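File shown here: run_21.pdb, holding PDB, C-alpha atoms, pLDDT in the B column.
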MODEL        1
ATOM      1  CA  ASN A   1       1.620   2.833  16.872  1.00 70.00           C
ATOM      2  CA  ALA A   2       5.282   3.817  16.784  1.00 80.00           C
ATOM      3  CA  GLY A   3       4.484   6.737  14.458  1.00 94.00           C
ATOM      4  CA  VAL A   4       7.495   7.921  12.462  1.00 97.00           C
ATOM      5  CA  THR A   5      10.806   6.321  13.352  1.00 97.00           C
ATOM      6  CA  GLN A   6      14.284   7.324  12.203  1.00 98.00           C
ATOM      7  CA  THR A   7      17.674   5.649  12.467  1.00 97.00           C
ATOM      8  CA  PRO A   8      20.371   6.363  13.369  1.00 97.00           C
ATOM      9  CA  LYS A   9      19.880   9.108  15.937  1.00 97.00           C
ATOM     10  CA  PHE A  10      23.451  10.366  15.565  1.00 97.00           C
ATOM     11  CA  GLN A  11      26.031   9.869  12.812  1.00 97.00           C
ATOM     12  CA  VAL A  12      29.496  11.204  12.041  1.00 97.00           C
ATOM     13  CA  LEU A  13      30.812  10.904   8.487  1.00 97.00           C
ATOM     14  CA  LYS A  14      33.965  11.916   6.738  1.00 98.00           C
ATOM     15  CA  THR A  15      33.837  14.007   3.604  1.00 98.00           C
ATOM     16  CA  GLY A  16      33.144  11.812   0.599  1.00 97.00           C
ATOM     17  CA  GLN A  17      31.524   8.947   2.495  1.00 97.00           C
ATOM     18  CA  SER A  18      28.021   7.814   1.656  1.00 96.00           C
ATOM     19  CA  MET A  19      25.257   6.663   3.931  1.00 96.00           C
ATOM     20  CA  THR A  20      21.526   6.094   4.166  1.00 98.00           C
ATOM     21  CA  LEU A  21      19.226   7.642   6.739  1.00 98.00           C
ATOM     22  CA  GLN A  22      16.307   5.363   7.459  1.00 98.00           C
ATOM     23  CA  CYS A  23      12.708   6.461   7.951  1.00 98.00           C
ATOM     24  CA  ALA A  24       9.647   4.325   8.549  1.00 98.00           C
ATOM     25  CA  GLN A  25       6.039   5.002   9.485  1.00 97.00           C
ATOM     26  CA  ASP A  26       3.306   2.610  10.574  1.00 96.00           C
ATOM     27  CA  MET A  27       0.285   4.852  10.002  1.00 95.00           C
ATOM     28  CA  ASN A  28      -0.280   3.844   6.359  1.00 95.00           C
ATOM     29  CA  HIS A  29       0.408   7.419   5.276  1.00 95.00           C
ATOM     30  CA  GLU A  30       0.775   8.048   1.572  1.00 94.00           C
ATOM     31  CA  TYR A  31       2.797  11.269   1.812  1.00 93.00           C
ATOM     32  CA  MET A  32       6.319  11.282   3.239  1.00 95.00           C
ATOM     33  CA  SER A  33       9.032  13.896   3.186  1.00 95.00           C
ATOM     34  CA  TRP A  34      12.523  14.756   4.366  1.00 96.00           C
ATOM     35  CA  TYR A  35      13.537  18.081   5.897  1.00 96.00           C
ATOM     36  CA  ARG A  36      16.803  19.446   7.169  1.00 97.00           C
ATOM     37  CA  GLN A  37      17.038  21.899  10.056  1.00 96.00           C
ATOM     38  CA  ASP A  38      19.994  24.223  10.428  1.00 95.00           C
ATOM     39  CA  PRO A  39      20.669  26.834  13.146  1.00 89.00           C
ATOM     40  CA  GLY A  40      19.047  30.155  12.341  1.00 85.00           C
ATOM     41  CA  MET A  41      17.047  28.699   9.468  1.00 87.00           C
ATOM     42  CA  GLY A  42      13.645  27.175   9.143  1.00 86.00           C
ATOM     43  CA  LEU A  43      13.074  23.569   8.224  1.00 92.00           C
ATOM     44  CA  ARG A  44      13.742  23.077   4.511  1.00 93.00           C
ATOM     45  CA  LEU A  45      12.215  20.409   2.305  1.00 92.00           C
ATOM     46  CA  ILE A  46      14.725  18.058   0.634  1.00 95.00           C
ATOM     47  CA  HIS A  47      12.602  15.419  -1.127  1.00 95.00           C
ATOM     48  CA  TYR A  48       9.073  14.160  -0.845  1.00 94.00           C
ATOM     49  CA  SER A  49       6.911  11.269  -1.987  1.00 94.00           C
ATOM     50  CA  VAL A  50       3.168  11.225  -2.616  1.00 91.00           C
ATOM     51  CA  GLY A  51       3.038   7.442  -2.666  1.00 93.00           C
ATOM     52  CA  ALA A  52       5.030   4.259  -3.229  1.00 94.00           C
ATOM     53  CA  GLY A  53       7.094   4.515  -6.393  1.00 95.00           C
ATOM     54  CA  ILE A  54       6.684   8.312  -6.686  1.00 94.00           C
ATOM     55  CA  THR A  55       9.273  10.815  -5.479  1.00 95.00           C
ATOM     56  CA  ASP A  56      10.146  14.398  -6.315  1.00 93.00           C
ATOM     57  CA  GLN A  57      12.542  17.160  -5.334  1.00 92.00           C
ATOM     58  CA  GLY A  58      11.922  19.788  -2.713  1.00 90.00           C
ATOM     59  CA  GLU A  59      13.708  23.041  -2.035  1.00 88.00           C
ATOM     60  CA  VAL A  60      17.246  21.687  -1.366  1.00 93.00           C
ATOM     61  CA  PRO A  61      17.654  18.315  -3.146  1.00 95.00           C
ATOM     62  CA  ASN A  62      21.283  18.507  -4.311  1.00 96.00           C
ATOM     63  CA  GLY A  63      23.488  15.774  -2.874  1.00 96.00           C
ATOM     64  CA  TYR A  64      20.578  13.594  -1.752  1.00 97.00           C
ATOM     65  CA  ASN A  65      18.675  10.705  -3.317  1.00 97.00           C
ATOM     66  CA  VAL A  66      15.454   9.036  -2.224  1.00 97.00           C
ATOM     67  CA  SER A  67      13.366   6.049  -3.211  1.00 96.00           C
ATOM     68  CA  ARG A  68       9.969   4.782  -2.073  1.00 97.00           C
ATOM     69  CA  SER A  69       9.520   1.084  -2.740  1.00 97.00           C
ATOM     70  CA  THR A  70       6.925   0.586   0.017  1.00 97.00           C
ATOM     71  CA  THR A  71       4.345   2.786   1.725  1.00 97.00           C
ATOM     72  CA  GLU A  72       6.144   2.392   5.054  1.00 97.00           C
ATOM     73  CA  ASP A  73       9.759   3.257   4.197  1.00 98.00           C
ATOM     74  CA  PHE A  74      11.388   6.370   2.762  1.00 98.00           C
ATOM     75  CA  PRO A  75      15.198   6.263   3.034  1.00 98.00           C
ATOM     76  CA  LEU A  76      17.387   9.272   2.311  1.00 98.00           C
ATOM     77  CA  ARG A  77      20.775   8.630   0.736  1.00 98.00           C
ATOM     78  CA  LEU A  78      23.772  10.928   0.907  1.00 97.00           C
ATOM     79  CA  LEU A  79      25.860  10.133  -2.137  1.00 92.00           C
ATOM     80  CA  SER A  80      29.147  11.831  -1.182  1.00 96.00           C
ATOM     81  CA  ALA A  81      28.922  13.636   2.118  1.00 97.00           C
ATOM     82  CA  ALA A  82      30.082  17.241   2.376  1.00 97.00           C
ATOM     83  CA  PRO A  83      30.511  19.464   5.462  1.00 97.00           C
ATOM     84  CA  SER A  84      27.587  21.579   4.188  1.00 97.00           C
ATOM     85  CA  GLN A  85      25.353  18.572   4.849  1.00 97.00           C
ATOM     86  CA  THR A  86      26.008  18.773   8.579  1.00 98.00           C
ATOM     87  CA  SER A  87      22.497  19.224   9.906  1.00 98.00           C
ATOM     88  CA  VAL A  88      19.593  17.631  11.729  1.00 98.00           C
ATOM     89  CA  TYR A  89      17.391  15.623   9.388  1.00 98.00           C
ATOM     90  CA  PHE A  90      13.702  15.033   9.998  1.00 97.00           C
ATOM     91  CA  CYS A  91      11.428  12.625   8.231  1.00 97.00           C
ATOM     92  CA  ALA A  92       7.715  13.422   8.227  1.00 96.00           C
ATOM     93  CA  SER A  93       4.517  11.788   7.059  1.00 95.00           C
ATOM     94  CA  ARG A  94       0.879  12.668   6.626  1.00 92.00           C
ATOM     95  CA  PRO A  95      -2.141  10.738   5.345  1.00 90.00           C
ATOM     96  CA  ASP A  96      -2.006  12.196   1.806  1.00 83.00           C
ATOM     97  CA  ARG A  97      -0.979  15.358  -0.017  1.00 77.00           C
ATOM     98  CA  TRP A  98      -4.317  17.024   0.754  1.00 74.00           C
ATOM     99  CA  ASN A  99      -4.297  16.331   4.485  1.00 75.00           C
ATOM    100  CA  ASN A 100      -1.743  18.618   6.020  1.00 75.00           C
ATOM    101  CA  GLU A 101      -1.564  17.410   9.635  1.00 84.00           C
ATOM    102  CA  GLN A 102       2.026  16.247   9.442  1.00 89.00           C
ATOM    103  CA  TYR A 103       3.871  13.972  11.881  1.00 93.00           C
ATOM    104  CA  PHE A 104       7.627  14.241  12.335  1.00 96.00           C
ATOM    105  CA  GLY A 105      10.171  11.654  13.403  1.00 97.00           C
ATOM    106  CA  PRO A 106      12.696  12.284  16.193  1.00 96.00           C
ATOM    107  CA  GLY A 107      15.484  13.337  13.834  1.00 97.00           C
ATOM    108  CA  THR A 108      19.001  12.258  12.865  1.00 97.00           C
ATOM    109  CA  ARG A 109      21.872  14.533  13.831  1.00 97.00           C
ATOM    110  CA  LEU A 110      24.554  14.239  11.140  1.00 98.00           C
ATOM    111  CA  THR A 111      28.043  15.688  11.336  1.00 97.00           C
ATOM    112  CA  VAL A 112      30.344  15.631   8.312  1.00 97.00           C
ATOM    113  CA  THR A 113      34.014  16.315   9.014  1.00 97.00           C
TER     114      THR A 113
ATOM    115  CA  GLU B   1       7.886  32.474  -3.121  1.00 81.00           C
ATOM    116  CA  ASP B   2       6.200  31.781   0.190  1.00 86.00           C
ATOM    117  CA  GLN B   3       7.769  33.456   3.212  1.00 91.00           C
ATOM    118  CA  VAL B   4       7.278  33.150   6.962  1.00 95.00           C
ATOM    119  CA  THR B   5       8.730  35.499   9.582  1.00 97.00           C
ATOM    120  CA  GLN B   6       8.365  34.782  13.265  1.00 98.00           C
ATOM    121  CA  SER B   7       8.870  37.226  16.108  1.00 98.00           C
ATOM    122  CA  PRO B   8      10.321  37.545  18.597  1.00 97.00           C
ATOM    123  CA  GLU B   9      13.214  35.121  18.071  1.00 96.00           C
ATOM    124  CA  ALA B  10      13.294  34.445  21.802  1.00 97.00           C
ATOM    125  CA  LEU B  11      10.956  35.261  24.667  1.00 98.00           C
ATOM    126  CA  ARG B  12      11.440  34.791  28.385  1.00 98.00           C
ATOM    127  CA  LEU B  13       8.353  34.985  30.615  1.00 97.00           C
ATOM    128  CA  GLN B  14       7.558  34.401  34.228  1.00 98.00           C
ATOM    129  CA  GLU B  15       5.190  31.597  35.043  1.00 98.00           C
ATOM    130  CA  GLY B  16       1.652  32.926  34.702  1.00 97.00           C
ATOM    131  CA  GLU B  17       2.668  35.862  32.500  1.00 97.00           C
ATOM    132  CA  SER B  18       0.555  35.740  29.334  1.00 98.00           C
ATOM    133  CA  SER B  19       1.943  36.795  25.956  1.00 98.00           C
ATOM    134  CA  SER B  20       1.698  36.277  22.194  1.00 98.00           C
ATOM    135  CA  LEU B  21       3.990  34.988  19.478  1.00 98.00           C
ATOM    136  CA  ASN B  22       3.716  36.426  15.994  1.00 98.00           C
ATOM    137  CA  CYS B  23       3.919  34.746  12.592  1.00 98.00           C
ATOM    138  CA  SER B  24       3.812  37.022   9.527  1.00 98.00           C
ATOM    139  CA  TYR B  25       3.476  35.375   6.149  1.00 96.00           C
ATOM    140  CA  THR B  26       3.259  35.967   2.433  1.00 93.00           C
ATOM    141  CA  VAL B  27       1.888  33.158   0.321  1.00 89.00           C
ATOM    142  CA  SER B  28       0.425  32.659  -3.111  1.00 82.00           C
ATOM    143  CA  GLY B  29      -2.953  31.418  -1.963  1.00 86.00           C
ATOM    144  CA  LEU B  30      -3.099  30.047   1.554  1.00 89.00           C
ATOM    145  CA  ARG B  31      -4.025  26.397   1.908  1.00 88.00           C
ATOM    146  CA  GLY B  32      -3.193  26.326   5.588  1.00 91.00           C
ATOM    147  CA  LEU B  33      -1.127  27.835   8.384  1.00 95.00           C
ATOM    148  CA  PHE B  34       0.352  25.495  10.955  1.00 95.00           C
ATOM    149  CA  TRP B  35       1.778  25.776  14.415  1.00 97.00           C
ATOM    150  CA  TYR B  36       4.205  23.211  15.797  1.00 96.00           C
ATOM    151  CA  ARG B  37       5.970  22.836  19.101  1.00 97.00           C
ATOM    152  CA  GLN B  38       9.553  21.550  19.150  1.00 97.00           C
ATOM    153  CA  ASP B  39      11.342  20.417  22.293  1.00 97.00           C
ATOM    154  CA  PRO B  40      15.168  20.223  22.312  1.00 93.00           C
ATOM    155  CA  GLY B  41      16.462  17.145  20.509  1.00 92.00           C
ATOM    156  CA  LYS B  42      13.030  16.162  19.221  1.00 95.00           C
ATOM    157  CA  GLY B  43      10.977  16.503  16.083  1.00 96.00           C
ATOM    158  CA  PRO B  44       8.243  19.121  15.716  1.00 96.00           C
ATOM    159  CA  GLU B  45       4.901  18.213  17.249  1.00 95.00           C
ATOM    160  CA  PHE B  46       1.760  19.335  15.469  1.00 94.00           C
ATOM    161  CA  LEU B  47      -0.439  21.815  17.365  1.00 96.00           C
ATOM    162  CA  PHE B  48      -2.912  23.589  15.054  1.00 94.00           C
ATOM    163  CA  THR B  49      -3.998  24.131  11.480  1.00 94.00           C
ATOM    164  CA  LEU B  50      -5.771  27.362  10.512  1.00 96.00           C
ATOM    165  CA  TYR B  51      -7.331  27.730   7.083  1.00 93.00           C
ATOM    166  CA  SER B  52      -8.973  31.143   6.798  1.00 93.00           C
ATOM    167  CA  ALA B  53      -8.860  34.627   8.293  1.00 95.00           C
ATOM    168  CA  GLY B  54     -10.857  34.910  11.479  1.00 96.00           C
ATOM    169  CA  GLU B  55     -10.382  31.291  12.442  1.00 97.00           C
ATOM    170  CA  GLU B  56      -9.290  30.468  15.995  1.00 97.00           C
ATOM    171  CA  LYS B  57      -8.232  27.220  17.656  1.00 97.00           C
ATOM    172  CA  GLU B  58      -7.467  26.425  21.266  1.00 97.00           C
ATOM    173  CA  LYS B  59      -5.617  23.725  23.129  1.00 95.00           C
ATOM    174  CA  GLU B  60      -5.100  24.005  26.867  1.00 95.00           C
ATOM    175  CA  ARG B  61      -3.216  27.307  27.436  1.00 97.00           C
ATOM    176  CA  LEU B  62      -2.627  27.931  23.722  1.00 98.00           C
ATOM    177  CA  LYS B  63      -4.850  29.800  21.308  1.00 98.00           C
ATOM    178  CA  ALA B  64      -4.003  30.370  17.659  1.00 98.00           C
ATOM    179  CA  THR B  65      -5.615  33.082  15.539  1.00 98.00           C
ATOM    180  CA  LEU B  66      -5.315  33.993  11.881  1.00 97.00           C
ATOM    181  CA  THR B  67      -5.626  37.149   9.785  1.00 96.00           C
ATOM    182  CA  LYS B  68      -4.852  37.646   6.109  1.00 93.00           C
ATOM    183  CA  LYS B  69      -1.240  38.588   6.876  1.00 95.00           C
ATOM    184  CA  GLU B  70      -0.333  37.051  10.217  1.00 97.00           C
ATOM    185  CA  SER B  71      -1.092  34.539  12.886  1.00 98.00           C
ATOM    186  CA  PHE B  72      -0.736  34.818  16.627  1.00 98.00           C
ATOM    187  CA  LEU B  73      -0.125  32.104  19.160  1.00 98.00           C
ATOM    188  CA  HIS B  74      -1.468  33.373  22.465  1.00 98.00           C
ATOM    189  CA  ILE B  75      -0.185  31.722  25.619  1.00 98.00           C
ATOM    190  CA  THR B  76      -2.327  32.250  28.692  1.00 98.00           C
ATOM    191  CA  ALA B  77      -0.894  31.783  32.189  1.00 98.00           C
ATOM    192  CA  PRO B  78       2.031  29.693  30.901  1.00 97.00           C
ATOM    193  CA  LYS B  79       3.775  27.022  32.932  1.00 98.00           C
ATOM    194  CA  PRO B  80       7.436  25.940  32.764  1.00 97.00           C
ATOM    195  CA  GLU B  81       6.420  22.886  30.716  1.00 97.00           C
ATOM    196  CA  ASP B  82       5.302  25.245  27.940  1.00 98.00           C
ATOM    197  CA  SER B  83       8.965  26.097  27.342  1.00 98.00           C
ATOM    198  CA  ALA B  84       9.854  25.065  23.787  1.00 98.00           C
ATOM    199  CA  THR B  85      10.489  26.433  20.328  1.00 97.00           C
ATOM    200  CA  TYR B  86       7.262  27.227  18.514  1.00 98.00           C
ATOM    201  CA  LEU B  87       7.342  26.918  14.736  1.00 97.00           C
ATOM    202  CA  CYS B  88       4.957  28.461  12.247  1.00 97.00           C
ATOM    203  CA  ALA B  89       4.573  27.125   8.711  1.00 94.00           C
ATOM    204  CA  VAL B  90       2.409  27.885   5.704  1.00 92.00           C
ATOM    205  CA  GLN B  91       1.251  25.791   2.820  1.00 88.00           C
ATOM    206  CA  GLY B  92       0.541  27.756  -0.320  1.00 83.00           C
ATOM    207  CA  VAL B  93      -1.175  26.781  -3.495  1.00 76.00           C
ATOM    208  CA  THR B  94       2.109  26.543  -5.382  1.00 64.00           C
ATOM    209  CA  GLY B  95       4.877  26.798  -2.811  1.00 50.00           C
ATOM    210  CA  GLY B  96       7.192  24.465  -0.965  1.00 46.00           C
ATOM    211  CA  GLY B  97       7.667  21.828  -3.622  1.00 48.00           C
ATOM    212  CA  ALA B  98       4.244  20.351  -4.247  1.00 59.00           C
ATOM    213  CA  ASP B  99       2.455  20.742  -0.949  1.00 64.00           C
ATOM    214  CA  GLY B 100       5.540  21.047   1.162  1.00 73.00           C
ATOM    215  CA  LEU B 101       5.457  23.476   4.041  1.00 84.00           C
ATOM    216  CA  THR B 102       7.451  26.723   4.299  1.00 89.00           C
ATOM    217  CA  PHE B 103       8.657  27.132   7.870  1.00 93.00           C
ATOM    218  CA  GLY B 104       9.666  30.145   9.919  1.00 95.00           C
ATOM    219  CA  LYS B 105      12.773  30.107  12.077  1.00 96.00           C
ATOM    220  CA  GLY B 106      10.773  29.726  15.259  1.00 97.00           C
ATOM    221  CA  THR B 107      10.333  31.504  18.576  1.00 97.00           C
ATOM    222  CA  HIS B 108      12.284  30.071  21.496  1.00 97.00           C
ATOM    223  CA  LEU B 109      10.039  30.422  24.551  1.00 98.00           C
ATOM    224  CA  ILE B 110      11.315  30.079  28.112  1.00 98.00           C
ATOM    225  CA  ILE B 111       8.917  30.095  31.052  1.00 98.00           C
ATOM    226  CA  GLN B 112      10.641  30.698  34.348  1.00 97.00           C
ATOM    227  CA  PRO B 113       9.098  29.355  37.589  1.00 95.00           C
TER     228      PRO B 113
ENDMDL
END

Would you mind giving the structure from this file in structure tokens?
Amino acid sequence: NAGVTQTPKFQVLKTGQSMTLQCAQDMNHEYMSWYRQDPGMGLRLIHYSVGAGITDQGEVPNGYNVSRSTTEDFPLRLLSAAPSQTSVYFCASRPDRWNNEQYFGPGTRLTVT
Amino acid sequence: EDQVTQSPEALRLQEGESSSLNCSYTVSGLRGLFWYRQDPGKGPEFLFTLYSAGEEKEKERLKATLTKKESFLHITAPKPEDSATYLCAVQGVTGGGADGLTFGKGTHLIIQP
């Protein structure tokens, strides 16, 4: 089991560029989510999915889109990058919405200049 | 709105010097309280889930306890490899965007040999 994998590990974007952060899990988990982690702040939920084809917004969704076409993959898209989106992004999964033992990926460190 | 406050922000101990980390929370109906360990440049690693006041869980040198207002992570005779940031999170009945977790800012623990 690879668990939760994320690519890329590091990325630098210019303001206005778009990109997709990839996330995949091989544990057949139904529930997946994206968090961002900023210095001096706790992890904050961006978007989540309770199963393939179902997504919803978390605490800080503005500027991000997600889709869930398969159980395994949950990409996060930045539509037009802004410096305020400079952060470390973590993807997480857990078996379902009722099972709260959550597994995190290694993170993507994104810098927007 | 669910809230989590962790203290202290940073703690430096000598190897073998036991101590406790605090996590105070307010939540609209607690579904679970979680402790994670995060090493630099990595994603959070799940440690414990606590569900109700009075519950305790142990893993090696770590012991987590829960009351109605706070949780403690007790570290007994720590070793340098216990150095990490320890994150506390809660899952409330209605908080965090449909079963998302509300995280504290973490306690950065350093164990000196």

Notebook entry, point to check: Can you tell me, as number ranges by chain, what residues are no more than 8 Å from region 86-94 of chain B when counting all atoms listed in the file, ignoring any on the same chain fewer than 4 positions away?
Noted result: B: 2, 4, 6, 23, 25, 27-38, 44, 98-109

Write out as CSV the residues of chain A that have any atom within 12 Å of an atom of chain B, one row each with the nearest atom pair and its distance in Å to one decimal, counting all atoms listed in the file, sorted by chain and then rising number.
residue,atom,partner,partner_atom,distance
A:Gly3,CA,B:Glu45,CA,11.8
A:Val4,CA,B:Gly43,CA,9.9
A:Thr5,CA,B:Gly43,CA,10.5
A:Gln6,CA,B:Gly43,CA,10.5
A:Lys9,CA,B:Gly41,CA,9.9
A:Phe10,CA,B:Gly41,CA,10.9
A:Tyr31,CA,B:Asp99,CA,9.9
A:Met32,CA,B:Gly100,CA,10.0
A:Ser33,CA,B:Gly100,CA,8.2
A:Trp34,CA,B:Gly100,CA,9.9
A:Tyr35,CA,B:Gly100,CA,9.8
A:Arg36,CA,B:Gly43,CA,11.0
A:Gln37,CA,B:Lys105,CA,9.5
A:Asp38,CA,B:Lys105,CA,9.5
A:Pro39,CA,B:Lys105,CA,8.6
A:Gly40,CA,B:Lys105,CA,6.3
A:Met41,CA,B:Lys105,CA,5.2
A:Gly42,CA,B:Lys105,CA,4.2
A:Leu43,CA,B:Phe103,CA,5.7
A:Arg44,CA,B:Thr102,CA,7.3
A:Leu45,CA,B:Gly100,CA,6.8
A:Ile46,CA,B:Gly97,CA,9.1
A:His47,CA,B:Gly97,CA,8.5
A:Tyr48,CA,B:Gly100,CA,8.0
A:Ser49,CA,B:Ala98,CA,9.7
A:Val50,CA,B:Ala98,CA,9.3
A:Thr55,CA,B:Ala98,CA,10.9
A:Asp56,CA,B:Gly97,CA,8.3
A:Gln57,CA,B:Gly97,CA,7.0
A:Gly58,CA,B:Gly97,CA,4.8
A:Glu59,CA,B:Gly97,CA,6.4
A:Val60,CA,B:Gly97,CA,9.8
A:Pro61,CA,B:Gly97,CA,10.6
A:Val88,CA,B:Gly41,CA,9.3
A:Tyr89,CA,B:Gly43,CA,9.3
A:Phe90,CA,B:Gly43,CA,6.8
A:Cys91,CA,B:Gly43,CA,8.8
A:Ala92,CA,B:Gly43,CA,9.0
A:Ser93,CA,B:Gly100,CA,11.0
A:Arg94,CA,B:Gly100,CA,11.0
A:Asp96,CA,B:Asp99,CA,10.0
A:Arg97,CA,B:Asp99,CA,6.5
A:Trp98,CA,B:Asp99,CA,7.9
A:Asn99,CA,B:Asp99,CA,9.7
A:Asn100,CA,B:Gly32,CA,7.9
A:Glu101,CA,B:Phe46,CA,7.0
A:Gln102,CA,B:Phe46,CA,6.8
A:Tyr103,CA,B:Phe46,CA,6.8
A:Phe104,CA,B:Gly43,CA,5.5
A:Gly105,CA,B:Gly43,CA,5.6
A:Pro106,CA,B:Gly43,CA,4.6
A:Gly107,CA,B:Gly43,CA,5.9
A:Thr108,CA,B:Gly41,CA,9.4
A:Arg109,CA,B:Gly41,CA,9.0

Item checked: Residues returned when the PyMOL selection byres ((chain B and resi 17-19) around 9) runs on this file, as a PyMOL selection string -> chain B and resi 13-16+20-21+73-79+111

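Going from CA of Thr113 (chain A) to CA of Asn65 (chain A) covers 20.5 Å.
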
Next item on the list: Report the distance between CA of Asp82 (chain B) and CA of Leu50 (chain B) in Å, rounded to one decimal place.
Entry: 20.8 Å

Next item on the list: Could you jot down the CA of Gln22 (chain A) to CA of Asn62 (chain A) separation for me, Å, one decimal place?
Entry: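 Computed distance, CA of Gln22 (chain A) to CA of Asn62 (chain A), equals 18.3 Å.
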
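Applied to the file shown here, the PyMOL selection byres ((chain A and resi 26) around 9) selects the residues Asn1, Ala2, Gly3, Val4, Thr5, Ala24, Gln25, Met27, Asn28, His29, Thr71 and Glu72 of chain A.
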
Next item on the list: Write out as a PyMOL selection string the residues lying within 12 Å of Glu55 (chain B), counting all atoms listed in the file and excluding same-chain residues fewer than 3 positions away.
Entry: chain B and resi 32-33+48-52+58+63-68+70-72

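Minimum atom-to-atom distances from A:Thr20, A:Thr7, A:Thr15, A:Thr70 to Pro83 (chain A) were compared using all atoms listed in the file, and the lowest value belongs to A:Thr15.
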
Find the residues near Ser80 (chain A): any atom within 9 Å, counting all atoms listed in the file, skip ones fewer than 6 places away on the same chain, and give them as a PDB file with C-alpha atoms, in the coordinates of the input.
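Output saved as part33.pdb:
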ATOM      1  CA  THR A  15      33.837  14.007   3.604  1.00 98.00           C
ATOM      2  CA  GLY A  16      33.144  11.812   0.599  1.00 97.00           C
ATOM      3  CA  GLN A  17      31.524   8.947   2.495  1.00 97.00           C
ATOM      4  CA  SER A  18      28.021   7.814   1.656  1.00 96.00           C
ATOM      5  CA  MET A  19      25.257   6.663   3.931  1.00 96.00           C
ATOM      6  CA  GLY A  63      23.488  15.774  -2.874  1.00 96.00           C
ATOM      7  CA  TYR A  64      20.578  13.594  -1.752  1.00 97.00           C
TER       8      TYR A  64
END

Item checked: Selected residue, from A:Val112, A:Ala52, A:Leu21, A:Gln11, that lies nearest to Leu76 (chain A) when counting all atoms listed in the file ->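 Going through A:Val112, A:Ala52, A:Leu21, A:Gln11 one by one, the smallest distance to Leu76 (chain A) is for A:Leu21.
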